[in-house]
file input.txt (compact mmCIF, C-alpha atoms and all ligand atoms)
# COMPACT_ATOMS: atom_id res chain seq x y z
CA MET A 1 -8.47 -4.08 1.23
CA PHE A 2 -9.91 -0.63 0.58
CA LYS A 3 -11.09 1.30 -2.43
CA ASN A 4 -11.17 5.11 -2.62
CA PHE A 5 -7.46 5.62 -2.05
CA TRP A 6 -4.43 6.60 -4.08
CA TYR A 7 -2.23 3.55 -4.45
CA GLY A 8 1.46 3.96 -5.25
CA VAL A 9 1.91 1.16 -7.77
CA GLU A 10 5.24 1.59 -9.52
CA PHE A 11 8.40 3.68 -9.49
CA SER A 12 8.18 6.35 -12.19
CA ASP A 13 11.54 5.28 -13.58
CA ASP A 14 10.28 1.75 -14.14
CA LEU A 15 7.60 2.61 -16.68
CA VAL A 16 8.90 3.58 -20.09
CA VAL A 17 6.91 5.07 -22.96
CA GLY A 18 5.39 2.51 -25.26
CA THR A 19 5.51 -0.65 -23.15
CA PRO A 20 2.30 -1.44 -21.25
CA LYS A 21 2.75 -3.07 -17.86
CA ARG A 22 0.38 -5.39 -16.05
CA ILE A 23 0.01 -4.78 -12.34
CA LYS A 24 -2.33 -6.32 -9.79
CA VAL A 25 -3.79 -4.36 -6.89
CA LEU A 26 -6.77 -5.24 -4.64
CA GLY A 27 -7.04 -8.54 -6.47
CA GLN A 28 -7.70 -6.75 -9.76
CA GLN A 29 -5.47 -6.73 -12.81
CA LEU A 30 -4.72 -3.30 -14.21
CA VAL A 31 -2.68 -2.08 -17.13
CA ILE A 32 -0.54 1.05 -16.91
CA TYR A 33 1.23 2.72 -19.81
CA ARG A 34 2.91 5.99 -20.73
CA LYS A 35 1.33 7.89 -23.57
CA PRO A 36 3.77 8.59 -26.39
CA SER A 37 2.24 12.07 -26.95
CA ASP A 38 3.10 13.61 -23.56
CA GLY A 39 4.61 10.87 -21.37
CA SER A 40 1.70 10.94 -18.90
CA VAL A 41 0.51 7.64 -17.45
CA VAL A 42 -2.80 5.89 -18.14
CA CYS A 43 -4.34 3.21 -15.91
CA LEU A 44 -7.13 0.95 -17.15
CA SER A 45 -8.81 -2.22 -16.00
CA ASP A 46 -6.83 -4.96 -17.73
CA LEU A 47 -9.90 -6.78 -18.93
CA CYS A 48 -11.16 -6.34 -22.47
CA VAL A 49 -14.92 -5.96 -22.45
CA HIS A 50 -15.18 -8.01 -25.66
CA ARG A 51 -13.98 -11.46 -24.63
CA GLY A 52 -11.83 -10.84 -21.60
CA ALA A 53 -8.30 -10.70 -22.98
CA ALA A 54 -5.61 -8.81 -21.04
CA LEU A 55 -4.92 -5.47 -22.69
CA SER A 56 -1.48 -5.43 -21.06
CA ALA A 57 -0.42 -8.06 -23.59
CA GLY A 58 -1.38 -5.67 -26.40
CA GLU A 59 0.42 -2.78 -28.05
CA LEU A 60 0.06 0.96 -28.15
CA LYS A 61 -1.23 2.70 -31.24
CA GLY A 62 -0.71 6.39 -30.66
CA ASP A 63 -2.08 7.01 -27.17
CA CYS A 64 -4.54 4.09 -27.44
CA ILE A 65 -3.98 0.52 -26.32
CA VAL A 66 -4.95 -2.24 -28.71
CA CYS A 67 -6.35 -5.53 -27.40
CA PRO A 68 -4.14 -8.40 -28.59
CA TYR A 69 -7.13 -10.69 -29.29
CA HIS A 70 -9.38 -8.93 -31.84
CA GLY A 71 -7.73 -5.55 -32.04
CA TRP A 72 -10.27 -3.35 -30.27
CA GLU A 73 -8.70 0.03 -29.54
CA TYR A 74 -9.17 1.74 -26.19
CA ASN A 75 -8.37 5.36 -25.41
CA GLU A 76 -7.08 6.69 -22.07
CA ARG A 77 -10.65 7.05 -20.79
CA GLY A 78 -11.27 3.34 -21.37
CA GLU A 79 -13.61 3.93 -24.33
CA VAL A 80 -13.41 1.70 -27.37
CA LEU A 81 -12.71 3.84 -30.44
CA LYS A 82 -12.42 1.08 -33.00
CA ILE A 83 -13.72 -2.46 -33.57
CA PRO A 84 -11.68 -3.64 -36.57
CA ALA A 85 -14.06 -6.49 -37.51
CA HIS A 86 -16.90 -3.99 -38.10
CA PRO A 87 -15.38 -0.66 -39.10
CA GLU A 88 -18.62 0.54 -40.69
CA LYS A 89 -20.83 -0.12 -37.62
CA GLY A 90 -21.21 2.20 -34.62
CA ILE A 91 -19.45 1.46 -31.30
CA PRO A 92 -21.80 -0.03 -28.66
CA ARG A 93 -22.35 2.05 -25.50
CA LYS A 94 -21.08 -0.84 -23.44
CA ALA A 95 -17.75 -0.85 -25.22
CA ARG A 96 -15.92 0.75 -22.29
CA ILE A 97 -13.86 -0.26 -19.30
CA ASP A 98 -12.90 1.54 -16.10
CA ALA A 99 -10.10 4.11 -16.30
CA TYR A 100 -8.49 5.24 -13.05
CA PRO A 101 -6.98 8.66 -12.30
CA VAL A 102 -3.19 8.74 -12.21
CA VAL A 103 -0.73 11.19 -10.60
CA GLU A 104 3.06 11.02 -10.59
CA ARG A 105 4.57 12.32 -7.40
CA HIS A 106 7.62 11.61 -5.21
CA LYS A 107 9.11 9.38 -7.94
CA MET A 108 6.07 7.06 -7.84
CA ILE A 109 3.03 6.44 -10.01
CA TRP A 110 -0.14 6.78 -7.90
CA VAL A 111 -3.42 5.36 -9.13
CA PHE A 112 -6.77 6.29 -7.58
CA LEU A 113 -8.74 3.08 -7.16
CA GLY A 114 -12.27 4.14 -6.39
CA ASP A 115 -15.12 6.32 -7.55
CA LEU A 116 -14.90 9.38 -5.28
CA PRO A 117 -14.95 12.77 -7.01
CA GLU A 118 -11.64 14.62 -6.98
CA GLU A 119 -12.43 16.94 -4.05
CA GLU A 120 -13.37 14.04 -1.76
CA ARG A 121 -10.31 11.90 -2.37
CA PRO A 122 -7.94 11.29 0.54
CA PRO A 123 -4.50 12.87 0.09
CA ILE A 124 -1.41 11.20 -1.35
CA PRO A 125 1.06 10.81 1.54
CA ASP A 126 3.56 13.64 1.90
CA TRP A 127 6.80 12.03 0.80
CA SER A 128 8.40 15.32 -0.22
CA ALA A 129 11.75 14.29 1.30
CA VAL A 130 12.03 11.95 -1.68
CA ASP A 131 12.17 15.01 -3.96
CA ASP A 132 14.94 16.66 -1.95
CA THR A 133 17.86 15.13 -3.78
CA GLU A 134 20.26 17.77 -2.39
CA THR A 135 19.82 16.55 1.17
CA TYR A 136 19.20 12.87 0.62
CA ARG A 137 20.73 10.03 -1.30
CA ALA A 138 18.09 7.43 -2.28
CA VAL A 139 18.02 3.74 -3.04
CA THR A 140 14.88 1.88 -4.05
CA GLY A 141 13.82 -1.74 -3.99
CA THR A 142 10.93 -4.16 -4.39
CA PHE A 143 10.14 -7.14 -2.18
CA LEU A 144 7.40 -9.72 -2.78
CA TRP A 145 5.90 -10.94 0.47
CA LYS A 146 3.39 -13.76 0.97
CA SER A 147 1.55 -12.09 3.84
CA ASN A 148 -1.38 -9.73 4.20
CA TYR A 149 -0.46 -6.07 3.65
CA GLU A 150 -2.13 -4.86 6.87
CA ARG A 151 -0.10 -7.28 8.96
CA ILE A 152 2.97 -5.95 7.18
CA LEU A 153 1.92 -2.33 7.72
CA GLU A 154 1.35 -2.87 11.42
CA ASN A 155 4.71 -4.57 11.72
CA GLY A 156 6.35 -1.63 9.98
CA VAL A 157 5.13 0.87 12.58
CA ASP A 158 5.64 -1.43 15.58
CA ILE A 159 8.39 -0.02 17.79
CA ALA A 160 8.43 -2.81 20.39
CA HIS A 161 9.43 -5.58 17.98
CA THR A 162 12.80 -4.15 16.95
CA PRO A 163 14.93 -5.46 19.88
CA PHE A 164 13.61 -8.95 19.18
CA VAL A 165 13.15 -9.24 15.45
CA HIS A 166 16.02 -6.94 14.51
CA ARG A 167 18.50 -7.74 17.22
CA GLY A 168 21.90 -7.18 15.76
CA ALA A 169 20.52 -5.01 12.93
CA PHE A 170 19.08 -1.92 14.58
CA GLY A 171 17.26 -3.37 17.57
CA ASN A 172 18.94 -3.43 20.98
CA PRO A 173 17.92 -6.56 22.91
CA GLU A 174 19.42 -5.12 26.10
CA LYS A 175 17.01 -2.19 26.01
CA PRO A 176 13.60 -3.46 24.95
CA GLU A 177 11.63 -0.84 26.93
CA VAL A 178 9.50 1.48 24.84
CA PRO A 179 9.55 4.92 26.46
CA GLU A 180 6.69 7.41 26.30
CA PHE A 181 6.19 8.62 22.78
CA GLU A 182 4.87 11.71 21.10
CA VAL A 183 2.02 11.30 18.71
CA GLU A 184 0.81 13.28 15.71
CA THR A 185 -2.38 12.26 13.93
CA SER A 186 -4.82 13.24 11.21
CA PRO A 187 -7.69 11.23 9.72
CA TRP A 188 -5.19 9.83 7.21
CA HIS A 189 -2.01 9.23 9.18
CA CYS A 190 -0.50 8.58 12.59
CA LYS A 191 3.09 9.22 13.62
CA ALA A 192 4.67 8.03 16.87
CA SER A 193 8.09 9.30 17.96
CA VAL A 194 10.36 7.95 20.69
CA LYS A 195 14.00 8.09 21.73
CA LEU A 196 15.62 4.65 21.74
CA ASN A 197 18.83 3.22 22.96
CA PRO A 198 20.63 1.99 19.85
CA PRO A 199 22.68 -1.19 19.57
CA LYS A 200 26.33 -1.12 18.71
CA PRO A 201 26.85 -0.24 15.04
CA LYS A 202 28.20 -2.98 12.80
CA GLY A 203 29.83 -3.37 9.42
CA LEU A 204 30.28 -0.26 7.31
CA TRP A 205 28.57 1.95 9.90
CA ALA A 206 30.97 0.81 12.62
CA ARG A 207 34.02 1.28 10.44
CA MET A 208 32.97 4.80 9.56
CA ASN A 209 32.06 5.60 13.19
CA PRO A 210 34.83 4.38 15.42
CA GLY A 211 33.30 6.04 18.51
CA GLY A 212 29.88 4.48 17.93
CA GLY A 213 30.67 1.41 20.00
CA ASP A 214 30.95 3.40 23.22
CA LEU A 215 27.92 1.97 25.01
CA LEU A 216 27.91 4.43 27.90
CA ASN A 217 28.15 7.65 25.98
CA ARG A 218 26.08 6.86 22.97
CA PRO A 219 23.24 9.39 22.66
CA LEU A 220 19.63 8.23 22.48
CA VAL A 221 18.40 7.95 18.92
CA PRO A 222 15.12 9.62 17.94
CA VAL A 223 12.99 7.14 16.00
CA SER A 224 9.55 7.65 14.54
CA THR A 225 7.15 5.44 12.67
CA THR A 226 4.27 6.74 10.57
CA TRP A 227 1.43 5.10 8.68
CA TRP A 228 -0.70 6.74 6.06
CA LEU A 229 -3.93 5.18 4.87
CA PRO A 230 -4.26 2.85 3.20
CA ASN A 231 -0.84 1.20 2.99
CA ALA A 232 2.18 3.50 3.26
CA ILE A 233 4.68 3.70 6.09
CA LEU A 234 7.77 5.69 7.01
CA LEU A 235 10.53 4.79 9.43
CA GLU A 236 12.73 7.73 10.48
CA VAL A 237 15.92 7.28 12.48
CA ASP A 238 18.17 10.19 13.52
CA LEU A 239 21.51 8.45 13.88
CA PRO A 240 24.48 10.37 15.25
CA MET A 241 26.01 10.20 11.77
CA GLY A 242 22.90 11.43 9.95
CA LYS A 243 19.26 10.83 9.14
CA LEU A 244 17.66 7.74 7.66
CA LYS A 245 14.15 7.75 6.19
CA ILE A 246 12.66 4.59 4.76
CA PHE A 247 9.38 5.09 2.93
CA ASP A 248 7.49 2.05 1.86
CA ILE A 249 4.29 1.12 0.19
CA ASN A 250 2.72 -2.23 0.88
CA ILE A 251 0.74 -2.91 -2.26
CA PRO A 252 -2.04 -5.44 -1.67
CA ILE A 253 -1.80 -7.67 -4.74
CA ASP A 254 -4.57 -9.60 -3.01
CA GLU A 255 -5.44 -10.37 0.61
CA GLU A 256 -2.51 -12.76 1.02
CA THR A 257 0.17 -11.25 -1.18
CA THR A 258 1.95 -7.93 -0.83
CA LEU A 259 4.41 -6.16 -3.07
CA VAL A 260 6.59 -3.87 -0.97
CA LYS A 261 8.20 -0.94 -2.76
CA PHE A 262 10.62 1.12 -0.72
CA ILE A 263 12.60 4.32 -1.12
CA ALA A 264 15.36 4.54 1.49
CA LEU A 265 16.91 7.99 2.01
CA ARG A 266 20.06 8.87 3.90
CA THR A 267 21.98 12.06 4.63
CA PHE A 268 25.30 10.27 5.24
CA PHE A 269 27.63 8.27 2.97
CA LYS A 270 26.00 9.95 0.03
CA GLY A 271 28.27 8.49 -2.60
CA ARG A 272 27.17 5.78 -4.96
CA TRP A 273 29.71 3.49 -3.28
CA ALA A 274 27.40 3.13 -0.22
CA ASP A 275 24.21 2.34 -2.18
CA LYS A 276 24.70 -1.39 -2.15
CA ASP A 277 25.16 -1.42 1.62
CA ALA A 278 22.09 0.82 2.12
CA ARG A 279 19.92 -1.46 -0.01
CA ARG A 280 21.28 -4.58 1.65
CA ARG A 281 20.37 -3.22 5.09
CA VAL A 282 16.75 -2.65 4.08
CA PHE A 283 16.42 -6.12 2.59
CA LYS A 284 17.96 -7.64 5.70
CA VAL A 285 15.35 -5.90 7.86
CA LEU A 286 12.52 -6.95 5.53
CA LYS A 287 13.66 -10.57 5.66
CA GLN A 288 13.80 -10.49 9.44
CA ASP A 289 10.26 -9.08 9.49
CA GLU A 290 9.05 -11.58 6.93
CA ALA A 291 10.22 -14.51 9.05
CA VAL A 292 7.97 -13.49 11.92
CA VAL A 293 5.02 -11.85 10.12
CA ASP A 294 4.51 -14.99 8.04
CA THR A 295 3.85 -16.91 11.27
CA VAL A 296 1.12 -14.53 12.52
CA ARG A 297 -2.41 -15.94 12.82
CA PRO A 298 -5.00 -15.15 11.77
CA GLU A 299 -3.40 -14.11 8.51
CA LEU A 300 -5.82 -11.20 8.14
CA LEU A 301 -6.34 -8.57 10.84
CA PRO A 302 -9.18 -9.35 13.19
CA TYR A 303 -12.03 -6.87 12.96
CA ASP A 304 -12.40 -6.26 16.68
CA LEU A 305 -9.66 -4.75 18.77
CA SER A 306 -10.49 -7.15 21.57
CA ASP A 307 -9.48 -10.13 19.45
CA GLU A 308 -5.85 -9.42 20.27
CA LEU A 309 -4.34 -8.03 23.46
CA HIS A 310 -2.96 -4.55 22.87
CA VAL A 311 -0.69 -2.65 25.22
CA ARG A 312 0.59 0.89 25.32
CA SER A 313 3.45 0.32 22.90
CA ASP A 314 0.91 -0.81 20.26
CA TYR A 315 -0.55 2.69 20.06
CA ASN A 316 0.19 3.23 16.40
CA GLN A 317 -1.28 -0.10 15.35
CA VAL A 318 -4.38 0.43 17.48
CA MET A 319 -4.92 3.82 15.83
CA TYR A 320 -4.71 2.07 12.48
CA ARG A 321 -7.29 -0.52 13.48
CA ARG A 322 -9.71 2.14 14.69
CA ARG A 323 -9.51 4.02 11.40
CA ARG A 324 -9.74 0.76 9.50
CA ARG A 325 -12.99 -0.09 11.26
CA GLU A 326 -14.42 3.29 10.29
CA LEU A 327 -13.50 2.67 6.67
CA ILE A 328 -15.15 -0.74 6.72
CA GLU A 329 -18.26 0.82 8.20
CA ALA A 330 -18.18 3.49 5.47
CA GLY A 331 -18.34 0.69 2.87
CA TRP A 332 -14.83 1.24 1.48
CA SER A 333 -13.63 -2.30 2.05
CA VAL A 334 -13.68 -4.53 -1.00
CA GLU A 335 -14.03 -8.23 -1.34
CA GLY A 336 -10.99 -9.36 -3.27
CA ASN A 337 -12.18 -12.76 -4.27
CA THR A 338 -14.93 -11.61 -6.60
CA ILE A 339 -12.66 -9.53 -8.78
CA VAL A 340 -11.51 -11.27 -11.90
CA GLY A 341 -7.94 -12.28 -11.37
CA GLU A 342 -6.23 -15.60 -11.62
CA GLY A 343 -8.92 -17.07 -9.38
CA PRO A 344 -11.47 -19.78 -9.92
CA ALA A 345 -12.38 -20.42 -13.52
CA ARG A 346 -15.83 -18.86 -13.44
CA VAL A 347 -15.74 -16.03 -10.93
CA GLU A 348 -17.95 -13.12 -11.83
CA ALA A 349 -16.29 -10.22 -13.56
CA ARG A 350 -16.25 -7.42 -10.99
CA VAL A 351 -13.97 -4.42 -10.85
CA VAL A 352 -13.26 -1.50 -8.56
CA PRO A 353 -15.59 1.29 -9.78
CA SER A 354 -13.85 4.29 -11.36
CA PRO A 355 -14.95 7.93 -10.87
CA VAL A 356 -16.80 8.17 -14.19
CA ARG A 357 -19.40 5.71 -12.92
CA ARG A 358 -20.58 8.37 -10.49
CA GLU A 359 -19.84 11.39 -12.63
CA VAL A 360 -21.98 10.21 -15.53
CA PRO A 361 -25.11 8.52 -14.15
CA GLU A 362 -26.48 8.14 -17.71
CA LEU A 363 -23.84 5.47 -18.21
CA ALA A 364 -25.19 3.37 -15.35
CA SER A 365 -26.30 0.61 -17.68
CA ALA A 366 -23.15 0.79 -19.81
CA TRP A 367 -20.84 -1.10 -17.48
CA ASN A 368 -20.44 -4.71 -18.42
CA PHE A 369 -18.43 -5.50 -15.32
CA LYS A 370 -20.22 -4.96 -12.02
CA GLU A 371 -18.73 -3.08 -9.09
CA VAL A 372 -16.76 -5.15 -6.65
CA ARG A 373 -18.83 -5.96 -3.59
CA SER A 374 -18.19 -4.05 -0.41
CA LYS A 375 -17.11 -6.04 2.59
CA GLU A 376 -19.10 -3.87 5.03
CA LEU A 377 -20.68 -7.02 6.49
CA LEU A 378 -17.43 -7.46 8.34
CA GLY A 379 -18.51 -4.60 10.54
CA GLN A 380 -21.72 -6.28 11.60
CA ARG A 381 -20.16 -8.30 14.32
CA ALA A 382 -23.24 -8.53 16.48
CA GLU A 383 -25.15 -10.20 13.67
CA ARG A 384 -22.37 -12.66 13.10
CA GLU A 385 -22.34 -13.45 16.79
CA GLU A 386 -26.10 -14.01 16.64
CA ARG A 387 -25.59 -16.47 13.84
CA GLY A 388 -23.02 -18.21 16.01
CA ASP A 389 -20.13 -17.93 13.57
CA LEU A 390 -18.03 -15.93 16.03
CA PRO A 391 -17.06 -16.53 19.62
CA ARG A 392 -18.73 -14.15 22.07
CA THR A 393 -16.50 -11.42 23.45
CA ASP A 394 -18.62 -10.06 26.34
CA THR A 395 -16.04 -11.07 28.87
CA VAL A 396 -13.18 -9.30 27.16
CA GLU A 397 -12.21 -5.82 28.41
CA ALA A 398 -13.24 -2.85 26.35
CA PRO A 399 -10.84 -2.62 23.41
CA GLY A 400 -7.99 -0.19 23.46
CA GLU A 401 -8.33 0.80 27.14
CA GLU A 402 -4.62 0.21 27.58
CA VAL A 403 -3.82 2.78 24.98
CA PRO A 404 -3.29 6.47 25.71
CA ALA A 405 -6.01 8.76 24.38
S1 LIG A 501 -11.03 -9.86 -26.41
FE1 LIG A 501 -10.27 -7.89 -26.72
S2 LIG A 501 -10.79 -7.47 -28.74
FE2 LIG A 501 -11.65 -9.41 -28.42
FE FE A 502 10.57 -4.73 11.56
call {"tool": "encode", "arguments": {"input": "input.txt", "output": "structure tokens"}}
result
Amino acid sequence: MFKNFWYGVEFSDDLVVGTPKRIKVLGQQLVIYRKPSDGSVVCLSDLCVHRGAALSAGELKGDCIVCPYHGWEYNERGEVLKIPAHPEKGIPRKARIDAYPVVERHKMIWVFLGDLPEEERPPIPDWSAVDDTETYRAVTGTFLWKSNYERILENGVDIAHTPFVHRGAFGNPEKPEVPEFEVETSPWHCKASVKLNPPKPKGLWARMNPGGGDLLNRPLVPVSTTWWLPNAILLEVDLPMGKLKIFDINIPIDEETTLVKFIALRTFFKGRWADKDARRRVFKVLKQDEAVVDTVRPELLPYDLSDELHVRSDYNQVMYRRRRRELIEAGWSVEGNTIVGEGPARVEARVVPSPVRREVPELASAWNFKEVRSKELLGQRAEREERGDLPRTDTVEAPGEEVPA
């Protein structure tokens, strides 16, 4: 799990003014709420610095959130403005919690979990198609998945699994070959595009497309899969009857639990009458993926590429793993199990550091909760091998050699 990224955490429509909502990302509980004054969204660590109550169970008072335990009032910057038991005394310097930057874009609430200054933050993925309501009809959905989000992300961009896992949905088991694909990359994303041989349409799609069952004359279907760091994916399919774009965010609740939020767009059957079918198709695909991803071992991605055997059709996933290794080496990986969550009874209180920790060095001693530890040790494979807690890999071919440059 990585800090220093924008995390899409909730659909904009699902957060109303006045009702705080508890969310959990990177193993840390957060509270989000809409300010009554202007409707903008606030995101704070959901851990009262006084005696650890969850602010999300509290109420709003103006634009402040009031802790349900002893009534301390926090503003949108996470500063305590009032301690009701001692109204005449000053507020201690340490009476503050981390506040995370928030942006609303593409019908989602994005929270920046990390301490990078604004100009160094990675971009929010370009999901502008979501805003084009003229061209696309959208349905949304949420799916709780008991697997690691990186396994889920890799599955989402994996082209070779569709004929097997999604046979009968959109995979064609008679044509499992993955042809040469075109690739587009940046430091923050990778998109692979191919033309696939589609299976026979079924259900509503078949009824609306009587010619679609003609196996010989069916045109190849352009398909592309994209990942954006740290956890977003897009599946695009250009069907003869129109375009399909399924955006999804795989929110790491913790290392083993993922909350998938999807926005599925289509340019065909744009009436409300087809929404139920569109949503059902996405859930069907997610359930098919879940059945296989939940069996994958190890549950978390191995650090080294050579720990699994990659082939050419795994290009997109290999690109992800290479970038992931760079992020780990840059110290952006966080150890989930030291963040206060619902974990062991006496885990240390650690939180993802927010930007103000860097911006205002004079506050260095004012943070009651320490920064979550970086997992950069993961990158020090040689040392772990020395210690004997890893098998040696000298005999394994150089990683990624199978993959086009
Ligand atoms: S625990 Fe929040 S005010 Fe006491
Ligand atoms: Fe899949």
call {"tool": "residues_near_ligand", "arguments": {"input": "input.txt", "ligand": "ligand LIG 501 (chain A)", "cutoff": "8 Å", "atoms": "only C-alpha atoms and all ligand atoms", "output": "PyMOL selection string"}}
result
chain A and resi 47-55+66-73+83
call {"tool": "residues_around", "arguments": {"input": "input.txt", "residues": "A:Asn172", "least_positions_apart": "3", "cutoff": "12 Å", "atoms": "only C-alpha atoms", "output": "PyMOL selection string"}}
result
chain A and resi 159-169+175-178+196-201+215+220-221
call {"tool": "write_last_selection", "arguments": {"input": "input.txt", "atoms": "C-alpha atoms", "output": "PDB file, in the frame of the given file"}}
result
ATOM      1  CA  ILE A 159       8.390  -0.020  17.790  1.00  0.00           C
ATOM      2  CA  ALA A 160       8.430  -2.810  20.390  1.00  0.00           C
ATOM      3  CA  HIS A 161       9.430  -5.580  17.980  1.00  0.00           C
ATOM      4  CA  THR A 162      12.800  -4.150  16.950  1.00  0.00           C
ATOM      5  CA  PRO A 163      14.930  -5.460  19.880  1.00  0.00           C
ATOM      6  CA  PHE A 164      13.610  -8.950  19.180  1.00  0.00           C
ATOM      7  CA  VAL A 165      13.150  -9.240  15.450  1.00  0.00           C
ATOM      8  CA  HIS A 166      16.020  -6.940  14.510  1.00  0.00           C
ATOM      9  CA  ARG A 167      18.500  -7.740  17.220  1.00  0.00           C
ATOM     10  CA  GLY A 168      21.900  -7.180  15.760  1.00  0.00           C
ATOM     11  CA  ALA A 169      20.520  -5.010  12.930  1.00  0.00           C
ATOM     12  CA  LYS A 175      17.010  -2.190  26.010  1.00  0.00           C
ATOM     13  CA  PRO A 176      13.600  -3.460  24.950  1.00  0.00           C
ATOM     14  CA  GLU A 177      11.630  -0.840  26.930  1.00  0.00           C
ATOM     15  CA  VAL A 178       9.500   1.480  24.840  1.00  0.00           C
ATOM     16  CA  LEU A 196      15.620   4.650  21.740  1.00  0.00           C
ATOM     17  CA  ASN A 197      18.830   3.220  22.960  1.00  0.00           C
ATOM     18  CA  PRO A 198      20.630   1.990  19.850  1.00  0.00           C
ATOM     19  CA  PRO A 199      22.680  -1.190  19.570  1.00  0.00           C
ATOM     20  CA  LYS A 200      26.330  -1.120  18.710  1.00  0.00           C
ATOM     21  CA  PRO A 201      26.850  -0.240  15.040  1.00  0.00           C
ATOM     22  CA  LEU A 215      27.920   1.970  25.010  1.00  0.00           C
ATOM     23  CA  LEU A 220      19.630   8.230  22.480  1.00  0.00           C
ATOM     24  CA  VAL A 221      18.400   7.950  18.920  1.00  0.00           C
TER      25      VAL A 221
END
call {"tool": "residues_near_ligand", "arguments": {"input": "input.txt", "ligand": "ligand FE 502 (chain A)", "cutoff": "6 Å", "atoms": "all atoms listed in the file", "output": "list of chain:residue names"}}
result
A:Asn155, A:Gly156, A:Thr162, A:Asp289
call {"tool": "residues_around", "arguments": {"input": "input.txt", "residues": "A:Lys261", "least_positions_apart": "5", "cutoff": "9 Å", "atoms": "all atoms listed in the file", "output": "PyMOL selection string"}}
result
chain A and resi 8-11+140-144+247-251
call {"tool": "write_last_selection", "arguments": {"input": "input.txt", "atoms": "C-alpha atoms", "output": "mmCIF file, keeping the file's coordinate frame"}}
result
data_model
loop_
_atom_site.group_PDB
_atom_site.id
_atom_site.type_symbol
_atom_site.label_atom_id
_atom_site.label_comp_id
_atom_site.auth_asym_id
_atom_site.auth_seq_id
_atom_site.Cartn_x
_atom_site.Cartn_y
_atom_site.Cartn_z
ATOM 1 C CA GLY A 8 1.460 3.960 -5.250
ATOM 2 C CA VAL A 9 1.910 1.160 -7.770
ATOM 3 C CA GLU A 10 5.240 1.590 -9.520
ATOM 4 C CA PHE A 11 8.400 3.680 -9.490
ATOM 5 C CA THR A 140 14.880 1.880 -4.050
ATOM 6 C CA GLY A 141 13.820 -1.740 -3.990
ATOM 7 C CA THR A 142 10.930 -4.160 -4.390
ATOM 8 C CA PHE A 143 10.140 -7.140 -2.180
ATOM 9 C CA LEU A 144 7.400 -9.720 -2.780
ATOM 10 C CA PHE A 247 9.380 5.090 2.930
ATOM 11 C CA ASP A 248 7.490 2.050 1.860
ATOM 12 C CA ILE A 249 4.290 1.120 0.190
ATOM 13 C CA ASN A 250 2.720 -2.230 0.880
ATOM 14 C CA ILE A 251 0.740 -2.910 -2.260
#
call {"tool": "residues_around", "arguments": {"input": "input.txt", "residues": "A:Phe369", "least_positions_apart": "3", "cutoff": "12 Å", "atoms": "all atoms listed in the file", "output": "PyMOL selection string"}}
result
chain A and resi 45-52+94-98+338-340+347-354+357+364-366+372-373
call {"tool": "atom_distance", "arguments": {"input": "input.txt", "atom1": "atom CA of A:Pro20", "atom2": "atom CA of A:Tyr33"}}
result
4.5 Å
call {"tool": "closest_residue", "arguments": {"input": "input.txt", "among": "A:Phe269, A:Tyr136, A:Tyr74, A:Phe5", "to": "A:Ile91", "atoms": "only C-alpha atoms"}}
result
A:Tyr74
call {"tool": "closest_residue", "arguments": {"input": "input.txt", "among": "A:Arg321, A:Arg137, A:Arg312, A:Lys24", "to": "A:Arg266", "atoms": "all atoms listed in the file"}}
result
A:Arg137
call {"tool": "atom_distance", "arguments": {"input": "input.txt", "atom1": "atom CA of A:Val157", "atom2": "atom CA of A:Ile233"}}
result
7.1 Å
call {"tool": "atom_distance", "arguments": {"input": "input.txt", "atom1": "atom CA of A:Asp38", "atom2": "atom CA of A:Asp115"}}
result
25.3 Å
call {"tool": "closest_residue", "arguments": {"input": "input.txt", "among": "A:Val102, A:Val223, A:Val130, A:Val41", "to": "A:Phe170", "atoms": "all atoms listed in the file"}}
result
A:Val223
call {"tool": "residues_near_point", "arguments": {"input": "input.txt", "point": "(1.9, 8.2, 19.0)", "cutoff": "10 Å", "atoms": "all atoms listed in the file", "output": "number ranges by chain"}}
result
A: 180-185, 190-194, 224-226, 312-317, 319, 403-405
call {"tool": "residues_around", "arguments": {"input": "input.txt", "residues": "stretch 322-324 of chain A", "least_positions_apart": "2", "cutoff": "9 Å", "atoms": "all atoms listed in the file", "output": "list of chain:residue names"}}
result
A:Pro187, A:Trp188, A:Leu229, A:Pro230, A:Tyr303, A:Leu305, A:Gln317, A:Val318, A:Met319, A:Tyr320, A:Glu326, A:Leu327, A:Ile328, A:Glu329, A:Ser333
call {"tool": "closest_residue", "arguments": {"input": "input.txt", "among": "A:Leu204, A:Leu116, A:Leu244, A:Ala274", "to": "A:Thr135", "atoms": "all atoms listed in the file"}}
result
A:Leu244
call {"tool": "closest_residue", "arguments": {"input": "input.txt", "among": "A:Gly90, A:Tyr7, A:Asn148, A:Gly58", "to": "A:Ile124", "atoms": "only C-alpha atoms"}}
result
A:Tyr7
call {"tool": "closest_residue", "arguments": {"input": "input.txt", "among": "A:Asn209, A:Ser147, A:Ser374, A:Asn231", "to": "A:Asp294", "atoms": "all atoms listed in the file"}}
result
A:Ser147
call {"tool": "residues_around", "arguments": {"input": "input.txt", "residues": "A:Phe112", "least_positions_apart": "3", "cutoff": "6 Å", "atoms": "only C-alpha atoms", "output": "mmCIF file with C-alpha atoms, in the frame of the given file"}}
result
data_model
loop_
_atom_site.group_PDB
_atom_site.id
_atom_site.type_symbol
_atom_site.label_atom_id
_atom_site.label_comp_id
_atom_site.auth_asym_id
_atom_site.auth_seq_id
_atom_site.Cartn_x
_atom_site.Cartn_y
_atom_site.Cartn_z
ATOM 1 C CA PHE A 5 -7.460 5.620 -2.050
ATOM 2 C CA TRP A 6 -4.430 6.600 -4.080
ATOM 3 C CA TYR A 100 -8.490 5.240 -13.050
ATOM 4 C CA PRO A 101 -6.980 8.660 -12.300
#
